[in-house]
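Data block below; observations after.
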Amino acid sequence: MTAPRNPAALRLDNLTLTHGRHPAVHHLSGRFVPGSLTAVVGPNGAGKTTLLRGLAGLHRPEGGRVSAEGEARIALLPQVASLDRAFPIGCLDVVMQGLWPRSGAFRGISAADRERAVQALAAVGLGGFERRPVGSLSAGQTQRLLFARLLVQDADILLLDEPFNAVDAKTSADLLRLVRGWHGEGRTVIAVLHDLDLVAREFPETLLIARDPIAWGPTAEALSAANRLKARMMAEAWAEHADPCGRAA
Amino acid sequence: MHELLIAPFVEFGFLRRALVGCLALSVSAPVLGVFLVLRRMSLTADVLAHGALPGVALGFLLAGMAAPALWLGGLVAGLVVAVGAGALSRATGGREDATLTALYLVALGLGVAMISMGGGGAMDLSHILFGSVLGVDDWALLLMASVTTLSLVVLAFAWRPLVLECFDPSFAAAAGARGGLWHMVFQGLVVLNVLSAFQALGTLMAVGLMMLPAIAARHWAREVSGMAYAAVGIALVASLAGILASYHLDVPTGPAIVLIAGGAWAVSVLAGPVDGLLARLLRRGHLAG
């Protein structure tokens with residue numbers, strides 16, 4: 001695959017994302033450096049999925065803002081695929097949906113684009129699956145299919161929400177190789193992960209969040225014992241009768 | 001054979017018009033029906049047909065049985081219900097089926113009230129409800145052909161975003177596919193096609209030609225495009241056979257076409273290669289890999 005056209009940074013200014021009036025991401029500021037490979041970790045309910053959805057533009061900020069520097073293309077791999085597995089569609093057609101940002105409803109899909117989609121399927125180990133219906137794939141195969149679609153999207157910023165959930169070791173290793181490839185091409189990659197050993201091994205930067213940001217920087221520092229303890233002390237339940245937040249919006 | 005199949009059309013202009021109108025309808029409506037089935041909105045078309053009633057009633061009150069007035073009134077009412085339900089449910093968080101139900105019931109109540117106040121005769125009402133082969137005059141035919149042409153042109157562009165929105169709405173949203181907008185365009189097309197069907201099939205069974213072939217089609221194909229072709233094929237056959245049956249057996253066109261389409265559906269459920277009942281009963285053992 002070719003290198004992305006726009007080395008893309010993602011900047012957050014005092015970002016607050018809420019569900020109703022309760023904050024899921026609370027006053028987060030910082031910058032994802034272009035070409036960085038960042039892991040987002042934190043306890044369950046820490047706002048990680050909400051953060052990724054906010055970065056992708058799917059969740060409107062209650063306060064602060066998200067801005068992508070340059071005209072970056074952003075792609076999101078959601079945690080739970082919202083796709084309808086009973087839908088009558090084959091794997092290649094799903095992968096070609098990744099071309100939407102460029103083709104839209106009106107432009108044709110060239111033979112070259114189709115060939116890229118076929119190669120993307122092969123790259124994730126699903127070569128030969130072109131006409132197979134989506135409903136016949138296992139969870140791991142579905143995850144690989146979604147990665148193939150992501151490959152075709154050719155995005156500058158990649159947001160991955162728990163990409164290795166429920167897949168076998170070989171699949172994880174294969175997908176990780178793809179992630180390393182993206183990083184090598186200079187794309188900005190942000191991934192929500194639970195496996196801290198994996199994070200320590202493969203991800204140079206980490207954002208540790210528990211609704212409020214705890215640490216954001218080189219992995220070894222961010223994942224220090226002290227920080228991890230602080231994160232674990234986050235209360236999972238919302239404060240039913242919390243006061244209005246007094247911090248500057 | 002000639003007497004049975006060809007002669008009626010040679011002899012009677014109104015039958016020719018009805019046939020052409022229904023064939024046109026058969027090319028666009030079932031494709032929309034396939035999408036309705038896949039989105040689990042199979043009852044929507046019927047709901048929209050009922051929602052159009054106050055518009056039809058208003059047209060009747062103002063202009064009598066004049067087809068353009070009825071049609072225009074039905075169009076406005078139908079669009080308000082269809083697009084309104086979509087927009088309202090998106091603004092208030094999902095549950096489009098509930099919003100649609102609320103709107104159509106209000107519309108239906110309004111329509112029935114207006115018709116009974118206007119004192120329309122039972123005869124007029126039954127024509128509106130059941131349709132008649134005589135119902136397709138030149139104006140109606142032009143309308144049906146125009147709706148089909150418009151639908152096909154729009155579907156050519158809307159196909160990709162509709163499939164995307166159906167299959168993976170989150171991805172569609174993240175990729176900026178404006179699924180909501182295309183959905184409303186789709187709803188508009190459904191209203192147009194249902195109204196177009198009123199002429200020949202009547203309001204009660206107008207959706208039969210849209211939905212039955214689409215529901216049958218899922219037993220003949222494993223991909224959306226295949227389903228669309230199968231649905232159109234079944235609808236074309238049902239239209240032709242239905243009009244002939246209506247003429248020879250002196251039955252209103254609405255029920256005739258719907259019953260034949262229904263027969264095609266029954267055959268599909270039994271003998272269709274995909275998820276057919278017979279396929280389940282005749283087990284053939286399994287393959288080596």
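To be explicit about the labels: the chains of the structure tokens are called A, B, and onward in the order shown, and within each one the residues are counted from 1, while ligands get numbers from 1 in the order they are shown.
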* Asked: What residues in chain B have any atom no more than 6 Å from chain A when counting only C-alpha atoms, and can you write them as a PyMOL selection string?
  -> chain B and resi 157+167-168+222-224
Given the selection you just returned, output its residues as a file containing N, CA and C atoms, formatted as an mmCIF file, in the first residue's frame.
data_model
loop_
_atom_site.group_PDB
_atom_site.id
_atom_site.type_symbol
_atom_site.label_atom_id
_atom_site.label_comp_id
_atom_site.auth_asym_id
_atom_site.auth_seq_id
_atom_site.Cartn_x
_atom_site.Cartn_y
_atom_site.Cartn_z
ATOM 1 N N PHE B 157 -28.079 5.377 -8.419
ATOM 2 C CA PHE B 157 -27.143 6.086 -7.543
ATOM 3 C C PHE B 157 -27.293 5.691 -6.093
ATOM 4 N N PHE B 167 -26.616 -2.591 5.756
ATOM 5 C CA PHE B 167 -25.709 -3.640 6.190
ATOM 6 C C PHE B 167 -24.888 -3.200 7.401
ATOM 7 N N ASP B 168 -24.388 -1.980 7.425
ATOM 8 C CA ASP B 168 -23.478 -1.552 8.477
ATOM 9 C C ASP B 168 -23.676 -0.061 8.739
ATOM 10 N N ARG B 222 -28.639 -15.368 -3.200
ATOM 11 C CA ARG B 222 -27.914 -15.143 -1.964
ATOM 12 C C ARG B 222 -27.303 -13.762 -1.871
ATOM 13 N N GLU B 223 -27.459 -12.970 -2.904
ATOM 14 C CA GLU B 223 -26.943 -11.604 -2.834
ATOM 15 C C GLU B 223 -28.045 -10.621 -3.217
ATOM 16 N N VAL B 224 -27.896 -9.397 -2.744
ATOM 17 C CA VAL B 224 -28.961 -8.404 -2.946
ATOM 18 C C VAL B 224 -29.318 -8.223 -4.411
#
* From the DSSP assignment of the backbone, select every residue of region 104-283 of chain B that is alpha helix (DSSP H), and format the answer as a PyMOL selection string. => chain B and resi 104-118+122-130+138-167+169-174+179-205+208-217+224-249+253-271+277-281
* To do: Write out as a list in words the residues lying within 10 Å of Leu207 (chain A), counting only C-alpha atoms and excluding same-chain residues fewer than 4 positions away.
  => Gly30, Phe32, Thr38, Ala39, Val40, Val41, Gly42, Lys48, Ile190, Ala191, Val192, Pro213, Ile214, Ala215, Trp216, Gly217, Pro218, Thr219, Ala222 and Leu223 of chain A
Quick one: write out the picked residues with N, CA and C atoms as a PDB file, in the first residue's frame?
ATOM      1  N   GLY A  30      -4.653  17.310  24.456  1.00  0.00           N
ATOM      2  CA  GLY A  30      -3.405  16.708  24.013  1.00  0.00           C
ATOM      3  C   GLY A  30      -3.376  16.577  22.518  1.00  0.00           C
ATOM      4  N   PHE A  32      -2.268  13.785  19.267  1.00  0.00           N
ATOM      5  CA  PHE A  32      -1.703  12.569  18.709  1.00  0.00           C
ATOM      6  C   PHE A  32      -0.783  13.000  17.578  1.00  0.00           C
ATOM      7  N   THR A  38      -0.330   4.820  19.201  1.00  0.00           N
ATOM      8  CA  THR A  38      -0.728   5.049  20.588  1.00  0.00           C
ATOM      9  C   THR A  38      -1.737   4.008  21.045  1.00  0.00           C
ATOM     10  N   ALA A  39      -1.535   3.482  22.249  1.00  0.00           N
ATOM     11  CA  ALA A  39      -2.529   2.593  22.838  1.00  0.00           C
ATOM     12  C   ALA A  39      -3.374   3.408  23.807  1.00  0.00           C
ATOM     13  N   VAL A  40      -4.672   3.161  23.814  1.00  0.00           N
ATOM     14  CA  VAL A  40      -5.557   3.797  24.796  1.00  0.00           C
ATOM     15  C   VAL A  40      -5.986   2.700  25.761  1.00  0.00           C
ATOM     16  N   VAL A  41      -5.627   2.852  27.032  1.00  0.00           N
ATOM     17  CA  VAL A  41      -5.982   1.823  28.003  1.00  0.00           C
ATOM     18  C   VAL A  41      -6.684   2.447  29.193  1.00  0.00           C
ATOM     19  N   GLY A  42      -7.403   1.615  29.910  1.00  0.00           N
ATOM     20  CA  GLY A  42      -8.122   2.090  31.085  1.00  0.00           C
ATOM     21  C   GLY A  42      -9.123   1.042  31.505  1.00  0.00           C
ATOM     22  N   LYS A  48     -13.225   4.820  26.760  1.00  0.00           N
ATOM     23  CA  LYS A  48     -12.317   4.604  25.638  1.00  0.00           C
ATOM     24  C   LYS A  48     -13.066   4.527  24.311  1.00  0.00           C
ATOM     25  N   ILE A 190      -4.313   4.725  16.494  1.00  0.00           N
ATOM     26  CA  ILE A 190      -4.738   4.811  17.895  1.00  0.00           C
ATOM     27  C   ILE A 190      -5.572   3.576  18.183  1.00  0.00           C
ATOM     28  N   ALA A 191      -5.172   2.779  19.173  1.00  0.00           N
ATOM     29  CA  ALA A 191      -5.879   1.513  19.413  1.00  0.00           C
ATOM     30  C   ALA A 191      -6.249   1.363  20.878  1.00  0.00           C
ATOM     31  N   VAL A 192      -7.502   1.006  21.132  1.00  0.00           N
ATOM     32  CA  VAL A 192      -7.930   0.682  22.487  1.00  0.00           C
ATOM     33  C   VAL A 192      -7.574  -0.770  22.751  1.00  0.00           C
ATOM     34  N   PRO A 213      -8.190  12.045  32.158  1.00  0.00           N
ATOM     35  CA  PRO A 213      -6.898  11.511  31.702  1.00  0.00           C
ATOM     36  C   PRO A 213      -5.972  11.317  32.899  1.00  0.00           C
ATOM     37  N   ILE A 214      -5.284  10.175  32.948  1.00  0.00           N
ATOM     38  CA  ILE A 214      -4.348   9.908  34.025  1.00  0.00           C
ATOM     39  C   ILE A 214      -2.921  10.157  33.554  1.00  0.00           C
ATOM     40  N   ALA A 215      -2.610   9.633  32.352  1.00  0.00           N
ATOM     41  CA  ALA A 215      -1.258   9.829  31.824  1.00  0.00           C
ATOM     42  C   ALA A 215      -1.292   9.714  30.314  1.00  0.00           C
ATOM     43  N   TRP A 216      -0.424  10.466  29.651  1.00  0.00           N
ATOM     44  CA  TRP A 216      -0.359  10.410  28.183  1.00  0.00           C
ATOM     45  C   TRP A 216       1.078  10.657  27.777  1.00  0.00           C
ATOM     46  N   GLY A 217       1.729   9.602  27.296  1.00  0.00           N
ATOM     47  CA  GLY A 217       3.127   9.793  26.895  1.00  0.00           C
ATOM     48  C   GLY A 217       3.773   8.451  26.597  1.00  0.00           C
ATOM     49  N   PRO A 218       5.103   8.391  26.643  1.00  0.00           N
ATOM     50  CA  PRO A 218       5.799   7.127  26.379  1.00  0.00           C
ATOM     51  C   PRO A 218       5.255   6.034  27.296  1.00  0.00           C
ATOM     52  N   THR A 219       5.074   4.858  26.732  1.00  0.00           N
ATOM     53  CA  THR A 219       4.367   3.774  27.414  1.00  0.00           C
ATOM     54  C   THR A 219       4.910   3.437  28.793  1.00  0.00           C
ATOM     55  N   ALA A 222       3.760   6.096  31.186  1.00  0.00           N
ATOM     56  CA  ALA A 222       2.310   6.175  31.355  1.00  0.00           C
ATOM     57  C   ALA A 222       1.779   4.991  32.154  1.00  0.00           C
ATOM     58  N   LEU A 223       2.369   3.824  31.953  1.00  0.00           N
ATOM     59  CA  LEU A 223       1.864   2.625  32.617  1.00  0.00           C
ATOM     60  C   LEU A 223       2.597   2.328  33.924  1.00  0.00           C
TER      61      LEU A 223
END
